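J.: Below is structure_39.cif; it holds mmCIF, C-alpha atoms.
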```
data_start
loop_
_atom_site.group_PDB
_atom_site.id
_atom_site.type_symbol
_atom_site.label_atom_id
_atom_site.label_comp_id
_atom_site.auth_asym_id
_atom_site.auth_seq_id
_atom_site.Cartn_x
_atom_site.Cartn_y
_atom_site.Cartn_z
ATOM 1 C CA MET A 55 3.718 -13.230 -16.122
ATOM 2 C CA THR A 56 5.322 -14.993 -19.082
ATOM 3 C CA PRO A 57 8.948 -14.241 -20.040
ATOM 4 C CA ASP A 58 7.731 -12.633 -23.297
ATOM 5 C CA ALA A 59 5.331 -10.376 -21.391
ATOM 6 C CA ALA A 60 8.059 -9.360 -18.948
ATOM 7 C CA ARG A 61 10.319 -8.266 -21.842
ATOM 8 C CA GLN A 62 7.724 -5.667 -22.866
ATOM 9 C CA PHE A 63 8.474 -3.633 -19.754
ATOM 10 C CA GLU A 64 11.398 -1.396 -19.003
ATOM 11 C CA THR A 65 13.529 -2.702 -16.148
ATOM 12 C CA MET A 66 16.221 -1.001 -14.118
ATOM 13 C CA ALA A 67 17.888 -0.803 -10.740
ATOM 14 C CA LEU A 68 16.544 1.497 -8.045
ATOM 15 C CA ASP A 69 19.385 4.022 -8.390
ATOM 16 C CA ASP A 70 18.723 4.390 -12.121
ATOM 17 C CA PHE A 71 14.989 4.691 -11.525
ATOM 18 C CA GLU A 72 15.517 7.512 -9.043
ATOM 19 C CA GLU A 73 17.577 9.386 -11.629
ATOM 20 C CA LEU A 74 14.848 8.808 -14.221
ATOM 21 C CA LEU A 75 12.251 10.286 -11.839
ATOM 22 C CA LEU A 76 13.822 13.698 -12.383
ATOM 23 C CA ASP A 77 12.371 13.647 -15.913
ATOM 24 C CA LYS A 78 8.911 12.318 -14.981
ATOM 25 C CA PRO A 79 5.992 14.351 -16.356
ATOM 26 C CA ARG A 80 3.946 15.994 -13.594
ATOM 27 C CA ASP A 81 0.731 14.253 -14.624
ATOM 28 C CA GLU A 82 2.202 10.748 -14.329
ATOM 29 C CA LYS A 83 2.775 8.430 -11.375
ATOM 30 C CA TRP A 84 5.770 6.101 -11.687
ATOM 31 C CA GLU A 85 6.660 3.139 -9.502
ATOM 32 C CA LEU A 86 9.435 0.529 -9.544
ATOM 33 C CA ILE A 87 8.239 -2.978 -8.729
ATOM 34 C CA GLY A 88 11.012 -5.533 -8.550
ATOM 35 C CA GLY A 89 13.033 -3.590 -11.086
ATOM 36 C CA ARG A 90 10.093 -3.121 -13.481
ATOM 37 C CA VAL A 91 9.079 0.457 -14.238
ATOM 38 C CA ILE A 92 5.327 1.058 -14.041
ATOM 39 C CA ARG A 93 4.009 4.309 -15.491
ATOM 40 C CA GLY A 94 0.489 5.503 -14.830
ATOM 41 C CA MET A 95 -1.569 8.650 -14.737
ATOM 42 C CA LEU A 96 -2.288 10.625 -11.600
ATOM 43 C CA GLY A 97 -5.797 10.599 -10.249
ATOM 44 C CA ALA A 98 -8.260 8.028 -9.036
ATOM 45 C CA ARG A 99 -11.991 7.643 -8.717
ATOM 46 C CA TRP A 100 -13.532 9.482 -5.789
ATOM 47 C CA GLU A 101 -14.497 6.197 -4.133
ATOM 48 C CA HIS A 102 -10.831 5.216 -3.985
ATOM 49 C CA LYS A 103 -9.819 8.494 -2.390
ATOM 50 C CA GLU A 104 -12.687 8.366 0.117
ATOM 51 C CA ILE A 105 -11.669 4.864 1.260
ATOM 52 C CA VAL A 106 -8.008 5.898 1.594
ATOM 53 C CA LEU A 107 -8.977 8.977 3.608
ATOM 54 C CA ASN A 108 -11.270 6.950 5.873
ATOM 55 C CA ILE A 109 -8.498 4.464 6.649
ATOM 56 C CA SER A 110 -5.698 6.995 7.108
ATOM 57 C CA THR A 111 -7.872 9.292 9.260
ATOM 58 C CA ALA A 112 -8.931 6.409 11.519
ATOM 59 C CA LEU A 113 -5.318 5.289 11.897
ATOM 60 C CA ARG A 114 -4.067 8.801 12.644
ATOM 61 C CA ASN A 115 -6.805 9.364 15.237
ATOM 62 C CA HIS A 116 -6.064 6.003 16.852
ATOM 63 C CA PHE A 117 -2.320 6.637 17.064
ATOM 64 C CA ARG A 118 -2.832 10.090 18.558
ATOM 65 C CA ALA A 119 -5.423 8.888 21.058
ATOM 66 C CA THR A 120 -3.238 6.014 22.252
ATOM 67 C CA GLY A 121 0.066 7.901 22.222
ATOM 68 C CA SER A 122 1.509 5.416 19.737
ATOM 69 C CA ARG A 123 4.702 6.273 17.911
ATOM 70 C CA CYS A 124 3.213 4.716 14.752
ATOM 71 C CA ARG A 125 2.231 6.956 11.845
ATOM 72 C CA ALA A 126 0.145 6.478 8.711
ATOM 73 C CA TYR A 127 0.826 8.100 5.354
ATOM 74 C CA ASP A 128 -1.158 7.779 2.176
ATOM 75 C CA GLU A 129 -0.500 7.663 -1.559
ATOM 76 C CA THR A 130 2.346 10.182 -1.881
ATOM 77 C CA PHE A 131 4.941 8.800 0.555
ATOM 78 C CA TRP A 132 7.412 6.306 -0.859
ATOM 79 C CA LEU A 133 8.027 2.765 0.287
ATOM 80 C CA ARG A 134 11.616 2.176 -0.833
ATOM 81 C CA GLU A 135 13.716 -0.998 -0.534
ATOM 82 C CA LYS A 136 16.898 -1.156 -2.584
ATOM 83 C CA SER A 137 17.575 -4.890 -2.072
ATOM 84 C CA ILE A 138 14.445 -5.778 -4.089
ATOM 85 C CA ASP A 139 14.393 -2.763 -6.456
ATOM 86 C CA LEU A 140 11.143 -1.503 -4.977
ATOM 87 C CA LYS A 141 9.927 2.085 -4.882
ATOM 88 C CA VAL A 142 6.146 2.395 -4.700
ATOM 89 C CA PHE A 143 3.321 4.480 -3.291
ATOM 90 C CA PRO A 144 1.102 2.142 -1.232
ATOM 91 C CA ASP A 145 -2.400 3.537 -0.752
ATOM 92 C CA VAL A 146 -1.774 3.639 3.011
ATOM 93 C CA LEU A 147 1.372 2.641 4.858
ATOM 94 C CA VAL A 148 2.005 2.429 8.585
ATOM 95 C CA PHE A 149 5.427 2.527 10.207
ATOM 96 C CA CYS A 150 6.323 2.728 13.872
ATOM 97 C CA ARG A 151 9.468 4.770 14.349
ATOM 98 C CA LYS A 152 10.578 8.372 14.235
ATOM 99 C CA LEU A 153 11.533 9.657 10.789
ATOM 100 C CA THR A 154 14.716 11.558 10.131
ATOM 101 C CA GLU A 155 14.291 15.173 9.125
ATOM 102 C CA GLY A 156 13.454 15.531 5.436
ATOM 103 C CA ALA A 157 12.694 11.828 4.892
ATOM 104 C CA THR A 158 10.681 11.033 1.769
ATOM 105 C CA SER A 159 10.446 7.261 2.156
ATOM 106 C CA VAL A 160 10.445 4.339 4.560
ATOM 107 C CA HIS A 161 11.747 0.813 4.116
ATOM 108 C CA ASP A 162 10.175 -0.757 7.186
ATOM 109 C CA PRO A 163 6.368 -0.603 7.115
ATOM 110 C CA VAL A 164 4.370 -2.580 9.659
ATOM 111 C CA VAL A 165 1.077 -2.441 7.724
ATOM 112 C CA LEU A 166 0.339 -1.801 4.045
ATOM 113 C CA PHE A 167 -3.075 -1.138 2.499
ATOM 114 C CA GLU A 168 -3.893 -1.301 -1.199
ATOM 115 C CA VAL A 169 -7.332 -0.295 -2.520
ATOM 116 C CA LEU A 170 -8.134 -2.561 -5.447
ATOM 117 C CA SER A 171 -9.427 -1.439 -8.815
ATOM 118 C CA LYS A 172 -9.679 -3.319 -12.085
ATOM 119 C CA GLY A 173 -6.478 -1.637 -13.255
ATOM 120 C CA THR A 174 -4.376 -2.374 -10.149
ATOM 121 C CA GLU A 175 -5.783 -5.564 -8.631
ATOM 122 C CA GLN A 176 -3.566 -8.038 -10.481
ATOM 123 C CA ARG A 177 -0.404 -6.074 -9.651
ATOM 124 C CA ASP A 178 -1.415 -5.594 -5.989
ATOM 125 C CA ARG A 179 -2.199 -9.305 -5.571
ATOM 126 C CA SER A 180 0.828 -10.684 -7.386
ATOM 127 C CA GLU A 181 3.886 -8.529 -8.106
ATOM 128 C CA LYS A 182 3.600 -6.172 -5.152
ATOM 129 C CA TRP A 183 2.508 -8.897 -2.749
ATOM 130 C CA ALA A 184 5.466 -11.116 -3.718
ATOM 131 C CA LEU A 185 7.847 -8.267 -2.883
ATOM 132 C CA TYR A 186 5.998 -7.024 0.195
ATOM 133 C CA GLN A 187 6.382 -10.485 1.754
ATOM 134 C CA LYS A 188 10.167 -9.943 1.678
ATOM 135 C CA LEU A 189 9.953 -6.881 3.960
ATOM 136 C CA PRO A 190 10.944 -8.173 7.425
ATOM 137 C CA SER A 191 9.036 -5.439 9.274
ATOM 138 C CA LEU A 192 5.680 -6.046 7.548
ATOM 139 C CA GLN A 193 3.045 -7.704 9.759
ATOM 140 C CA HIS A 194 -0.220 -7.065 7.874
ATOM 141 C CA TYR A 195 -1.088 -6.623 4.197
ATOM 142 C CA VAL A 196 -4.653 -5.393 3.647
ATOM 143 C CA LEU A 197 -6.486 -5.465 0.316
ATOM 144 C CA VAL A 198 -9.592 -3.280 0.223
ATOM 145 C CA GLU A 199 -12.077 -3.650 -2.620
ATOM 146 C CA ARG A 200 -13.162 -0.331 -4.069
ATOM 147 C CA ASP A 201 -16.389 -1.446 -5.724
ATOM 148 C CA LYS A 202 -17.848 -3.678 -3.002
ATOM 149 C CA ALA A 203 -17.559 -3.959 0.773
ATOM 150 C CA GLN A 204 -14.852 -6.600 1.032
ATOM 151 C CA VAL A 205 -11.502 -6.554 2.825
ATOM 152 C CA GLU A 206 -8.792 -9.212 2.863
ATOM 153 C CA VAL A 207 -5.961 -9.248 5.375
ATOM 154 C CA PHE A 208 -2.791 -11.325 5.307
ATOM 155 C CA SER A 209 -0.941 -11.443 8.622
ATOM 156 C CA ARG A 210 2.436 -12.663 9.782
ATOM 157 C CA PRO A 211 2.110 -13.244 13.521
ATOM 158 C CA ASP A 212 5.525 -14.939 13.627
ATOM 159 C CA ALA A 213 8.043 -15.629 10.885
ATOM 160 C CA GLU A 214 5.567 -16.806 8.239
ATOM 161 C CA TRP A 215 2.441 -15.479 6.520
ATOM 162 C CA LEU A 216 0.042 -17.957 8.096
ATOM 163 C CA ASP A 217 -3.072 -15.919 8.805
ATOM 164 C CA TYR A 218 -5.626 -14.879 6.199
ATOM 165 C CA ALA A 219 -9.096 -13.432 6.676
ATOM 166 C CA MET A 220 -11.745 -12.151 4.291
ATOM 167 C CA LEU A 221 -14.407 -9.802 5.597
ATOM 168 C CA GLU A 222 -17.492 -9.139 3.504
ATOM 169 C CA GLY A 223 -20.272 -6.628 3.991
ATOM 170 C CA ILE A 224 -20.258 -3.584 6.230
ATOM 171 C CA HIS A 225 -20.853 -5.386 9.523
ATOM 172 C CA GLY A 226 -17.389 -6.890 10.037
ATOM 173 C CA THR A 227 -14.395 -5.400 11.815
ATOM 174 C CA LEU A 228 -10.837 -5.352 10.524
ATOM 175 C CA LYS A 229 -8.382 -6.183 13.322
ATOM 176 C CA LEU A 230 -4.653 -5.485 13.069
ATOM 177 C CA PRO A 231 -3.016 -6.758 16.277
ATOM 178 C CA ALA A 232 0.496 -5.577 15.357
ATOM 179 C CA ILE A 233 -0.630 -1.962 15.828
ATOM 180 C CA LEU A 234 -3.487 -2.642 18.286
ATOM 181 C CA PHE A 235 -5.993 -1.237 15.794
ATOM 182 C CA GLU A 236 -9.547 -2.166 14.860
ATOM 183 C CA ILE A 237 -11.869 -0.509 12.366
ATOM 184 C CA PRO A 238 -15.422 -1.482 11.379
ATOM 185 C CA LEU A 239 -15.863 -1.981 7.658
ATOM 186 C CA ALA A 240 -18.699 0.525 7.919
ATOM 187 C CA GLU A 241 -16.030 3.150 8.720
ATOM 188 C CA ILE A 242 -13.764 2.067 5.866
ATOM 189 C CA TYR A 243 -16.688 2.460 3.438
ATOM 190 C CA ARG A 244 -18.293 5.521 5.067
ATOM 191 C CA ASP A 245 -19.670 7.909 2.397
ATOM 192 C CA VAL A 246 -18.986 5.300 -0.302
ATOM 193 C CA PHE A 247 -21.677 2.674 0.350
ATOM 194 C CA LEU A 248 -23.283 4.252 3.416
#
```
Once more with this new file: its structure as structure tokens, please.
T.:
Amino acid sequence: MTPDAARQFETMALDDFEELLLDKPRDEKWELIGGRVIRGMLGARWEHKEIVLNISTALRNHFRATGSRCRAYDETFWLREKSIDLKVFPDVLVFCRKLTEGATSVHDPVVLFEVLSKGTEQRDRSEKWALYQKLPSLQHYVLVERDKAQVEVFSRPDAEWLDYAMLEGIHGTLKLPAILFEIPLAEIYRDVFL
């Protein structure tokens, strides 16, 4: 993003953004990405929602079946990190600890999923990804194409983001070792392409 383009956007600290949220119209979705306020409308195409539900349902079933303390939340649970002025709604986030009563956000996800659309892809691949890499707890970042069967996964098995894989078609399997989870792409895209 050029300096001139960046000046077009409203910027603020996380505390100020949270105060501003009190005045947010009900039909809008606001996020803070590195201090930049992003305003959008609520709602998504059905394909997006179906993919998110497929992923979050598979994760929830896996965690329950294995007795894992990990949990998955989708689209309306905040990822919040004050040190990088970040407050966003990832499409699916996984964290592996008990929440305090009344919590509305986490700062320590282990896995983040974003479902890509033409309107969000650039932001998910650049601005969000640059900030997500700064989260010490994050082990996997998964980009799921909405309009074709393709999944990309960035992994940090140690201290650095060294692993990358692209899966194409419905016959592959997404593997996330940090949470001992695997899901066939056919399940991610169930009722969308199948």
J.: Would you mind listing what lies within 12 Å of Gly88 in chain A as a VMD selection string, with all atoms listed in the file counted and same-chain residues fewer than 6 positions away left out?
T.: chain A and resid 60 63 to 68 71 134 to 142 177 180 to 186 188
J.: Would you kindly return, as a list in words, each protein, DNA or RNA residue with an atom no farther than 9 Å from any atom of range 213-226 of chain A, considering all atoms listed in the file and excluding same-chain residues fewer than 6 positions away?
T.: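 Residues meeting the cut-off are Gln187, Pro190, Gln193, His194, Lys202, Ala203, Gln204, Val205, Glu206, Val207, Ile237, Pro238, Leu239, Ala240, Glu241, Ile242, Tyr243, Phe247 and Leu248 of chain A.
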J.: Please report the interatomic distance between CA of Thr111 in chain A and CA of Ala98 in chain A in Å with one decimal.
T.: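 Separation of CA of Thr111 in chain A and CA of Ala98 in chain A: 18.3 Å.
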J.: Find the residue from A:Glu82, A:Glu129, A:Cys124, A:Arg179 that sits nearest to Pro163 in chain A; use all atoms listed in the file when measuring.
T.: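 Smallest separation from Pro163 in chain A among the options: A:Cys124.
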J.: From the list A:Glu168, A:Asp162, A:Asp178, A:Glu104, which residue is nearest Ser191 in chain A when using all atoms listed in the file?
T.: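 Among the listed residues, A:Asp162 lies closest to Ser191 in chain A.
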J.: Name the residues captured by the PyMOL selection byres ((chain A and resi 92) around 10) when it is applied to the shown file; answer as number ranges by chain.
T.: A: 63-65, 83-87, 89-91, 93-94, 142
J.: Smallest atom-to-atom distance to Ala112 in chain A: which of A:Phe235, A:Asp212, A:Val246, A:Val164, using all atoms listed in the file?
T.: A:Phe235
J.: At what distance in Å, to one decimal, does CA of Ile105 in chain A lie from CA of Lys172 in chain A?
T.: 15.8 Å
J.: Could you expand the PyMOL selection byres ((chain A and resi 158) around 12) into the explicit residues it covers here, written as a list in words?
T.: Tyr127, Thr130, Phe131, Trp132, Leu133, Arg134, Lys141, Val142, Phe143, Leu153, Thr154, Glu155, Gly156, Ala157, Ser159, Val160 and His161 of chain A
J.: For the selection just defined, write its residues with C-alpha atoms to a file, as a PDB file, keeping the file's coordinate frame.
T.:
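File produced: out.pdb:
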```pdb
ATOM      1  CA  TYR A 127       0.826   8.100   5.354  1.00  0.00           C
ATOM      2  CA  THR A 130       2.346  10.182  -1.881  1.00  0.00           C
ATOM      3  CA  PHE A 131       4.941   8.800   0.555  1.00  0.00           C
ATOM      4  CA  TRP A 132       7.412   6.306  -0.859  1.00  0.00           C
ATOM      5  CA  LEU A 133       8.027   2.765   0.287  1.00  0.00           C
ATOM      6  CA  ARG A 134      11.616   2.176  -0.833  1.00  0.00           C
ATOM      7  CA  LYS A 141       9.927   2.085  -4.882  1.00  0.00           C
ATOM      8  CA  VAL A 142       6.146   2.395  -4.700  1.00  0.00           C
ATOM      9  CA  PHE A 143       3.321   4.480  -3.291  1.00  0.00           C
ATOM     10  CA  LEU A 153      11.533   9.657  10.789  1.00  0.00           C
ATOM     11  CA  THR A 154      14.716  11.558  10.131  1.00  0.00           C
ATOM     12  CA  GLU A 155      14.291  15.173   9.125  1.00  0.00           C
ATOM     13  CA  GLY A 156      13.454  15.531   5.436  1.00  0.00           C
ATOM     14  CA  ALA A 157      12.694  11.828   4.892  1.00  0.00           C
ATOM     15  CA  SER A 159      10.446   7.261   2.156  1.00  0.00           C
ATOM     16  CA  VAL A 160      10.445   4.339   4.560  1.00  0.00           C
ATOM     17  CA  HIS A 161      11.747   0.813   4.116  1.00  0.00           C
TER      18      HIS A 161
END
```
J.: Mind rebuilding range 167-183 of chain A with N, CA, C and O atoms and writing that out as a PDB file, keeping the file's coordinate frame?
T.:
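The resulting file, rebuild10.pdb, is shown below:
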```
ATOM      1  N   PHE A 167      -1.732  -1.033   3.064  1.00  0.00           N
ATOM      2  CA  PHE A 167      -3.075  -1.138   2.499  1.00  0.00           C
ATOM      3  C   PHE A 167      -2.996  -0.830   1.014  1.00  0.00           C
ATOM      4  O   PHE A 167      -2.344   0.147   0.626  1.00  0.00           O
ATOM      5  N   GLU A 168      -3.685  -1.612   0.213  1.00  0.00           N
ATOM      6  CA  GLU A 168      -3.893  -1.301  -1.199  1.00  0.00           C
ATOM      7  C   GLU A 168      -5.390  -1.367  -1.471  1.00  0.00           C
ATOM      8  O   GLU A 168      -6.056  -2.328  -1.076  1.00  0.00           O
ATOM      9  N   VAL A 169      -5.926  -0.329  -2.111  1.00  0.00           N
ATOM     10  CA  VAL A 169      -7.332  -0.295  -2.520  1.00  0.00           C
ATOM     11  C   VAL A 169      -7.373  -0.812  -3.953  1.00  0.00           C
ATOM     12  O   VAL A 169      -6.708  -0.265  -4.837  1.00  0.00           O
ATOM     13  N   LEU A 170      -8.133  -1.857  -4.164  1.00  0.00           N
ATOM     14  CA  LEU A 170      -8.134  -2.561  -5.447  1.00  0.00           C
ATOM     15  C   LEU A 170      -9.085  -1.930  -6.450  1.00  0.00           C
ATOM     16  O   LEU A 170     -10.211  -1.578  -6.127  1.00  0.00           O
ATOM     17  N   SER A 171      -8.588  -1.823  -7.673  1.00  0.00           N
ATOM     18  CA  SER A 171      -9.427  -1.439  -8.815  1.00  0.00           C
ATOM     19  C   SER A 171      -9.136  -2.443  -9.924  1.00  0.00           C
ATOM     20  O   SER A 171      -8.183  -3.225  -9.829  1.00  0.00           O
ATOM     21  N   LYS A 172      -9.912  -2.393 -10.972  1.00  0.00           N
ATOM     22  CA  LYS A 172      -9.679  -3.319 -12.085  1.00  0.00           C
ATOM     23  C   LYS A 172      -8.283  -3.135 -12.676  1.00  0.00           C
ATOM     24  O   LYS A 172      -7.654  -4.087 -13.101  1.00  0.00           O
ATOM     25  N   GLY A 173      -7.790  -1.910 -12.677  1.00  0.00           N
ATOM     26  CA  GLY A 173      -6.478  -1.637 -13.255  1.00  0.00           C
ATOM     27  C   GLY A 173      -5.300  -2.010 -12.373  1.00  0.00           C
ATOM     28  O   GLY A 173      -4.195  -2.217 -12.870  1.00  0.00           O
ATOM     29  N   THR A 174      -5.504  -2.113 -11.051  1.00  0.00           N
ATOM     30  CA  THR A 174      -4.376  -2.374 -10.149  1.00  0.00           C
ATOM     31  C   THR A 174      -4.450  -3.716  -9.431  1.00  0.00           C
ATOM     32  O   THR A 174      -3.458  -4.149  -8.846  1.00  0.00           O
ATOM     33  N   GLU A 175      -5.594  -4.367  -9.452  1.00  0.00           N
ATOM     34  CA  GLU A 175      -5.783  -5.564  -8.631  1.00  0.00           C
ATOM     35  C   GLU A 175      -4.749  -6.644  -8.906  1.00  0.00           C
ATOM     36  O   GLU A 175      -4.146  -7.193  -7.974  1.00  0.00           O
ATOM     37  N   GLN A 176      -4.514  -6.968 -10.155  1.00  0.00           N
ATOM     38  CA  GLN A 176      -3.566  -8.038 -10.481  1.00  0.00           C
ATOM     39  C   GLN A 176      -2.174  -7.716  -9.953  1.00  0.00           C
ATOM     40  O   GLN A 176      -1.510  -8.559  -9.360  1.00  0.00           O
ATOM     41  N   ARG A 177      -1.734  -6.490 -10.122  1.00  0.00           N
ATOM     42  CA  ARG A 177      -0.404  -6.074  -9.651  1.00  0.00           C
ATOM     43  C   ARG A 177      -0.338  -6.098  -8.114  1.00  0.00           C
ATOM     44  O   ARG A 177       0.649  -6.542  -7.532  1.00  0.00           O
ATOM     45  N   ASP A 178      -1.401  -5.616  -7.460  1.00  0.00           N
ATOM     46  CA  ASP A 178      -1.415  -5.594  -5.989  1.00  0.00           C
ATOM     47  C   ASP A 178      -1.417  -7.006  -5.403  1.00  0.00           C
ATOM     48  O   ASP A 178      -0.813  -7.250  -4.360  1.00  0.00           O
ATOM     49  N   ARG A 179      -2.096  -7.936  -6.076  1.00  0.00           N
ATOM     50  CA  ARG A 179      -2.199  -9.305  -5.571  1.00  0.00           C
ATOM     51  C   ARG A 179      -0.980 -10.164  -5.919  1.00  0.00           C
ATOM     52  O   ARG A 179      -0.723 -11.166  -5.242  1.00  0.00           O
ATOM     53  N   SER A 180      -0.266  -9.809  -6.956  1.00  0.00           N
ATOM     54  CA  SER A 180       0.828 -10.684  -7.386  1.00  0.00           C
ATOM     55  C   SER A 180       2.192 -10.017  -7.222  1.00  0.00           C
ATOM     56  O   SER A 180       2.916 -10.308  -6.278  1.00  0.00           O
ATOM     57  N   GLU A 181       2.545  -9.115  -8.124  1.00  0.00           N
ATOM     58  CA  GLU A 181       3.886  -8.529  -8.106  1.00  0.00           C
ATOM     59  C   GLU A 181       4.203  -7.809  -6.801  1.00  0.00           C
ATOM     60  O   GLU A 181       5.247  -8.046  -6.185  1.00  0.00           O
ATOM     61  N   LYS A 182       3.336  -6.908  -6.390  1.00  0.00           N
ATOM     62  CA  LYS A 182       3.600  -6.172  -5.152  1.00  0.00           C
ATOM     63  C   LYS A 182       3.591  -7.110  -3.953  1.00  0.00           C
ATOM     64  O   LYS A 182       4.470  -7.044  -3.089  1.00  0.00           O
ATOM     65  N   TRP A 183       2.612  -7.998  -3.891  1.00  0.00           N
ATOM     66  CA  TRP A 183       2.508  -8.897  -2.749  1.00  0.00           C
ATOM     67  C   TRP A 183       3.748  -9.779  -2.637  1.00  0.00           C
ATOM     68  O   TRP A 183       4.270 -10.012  -1.541  1.00  0.00           O
TER      69      TRP A 183
END
```
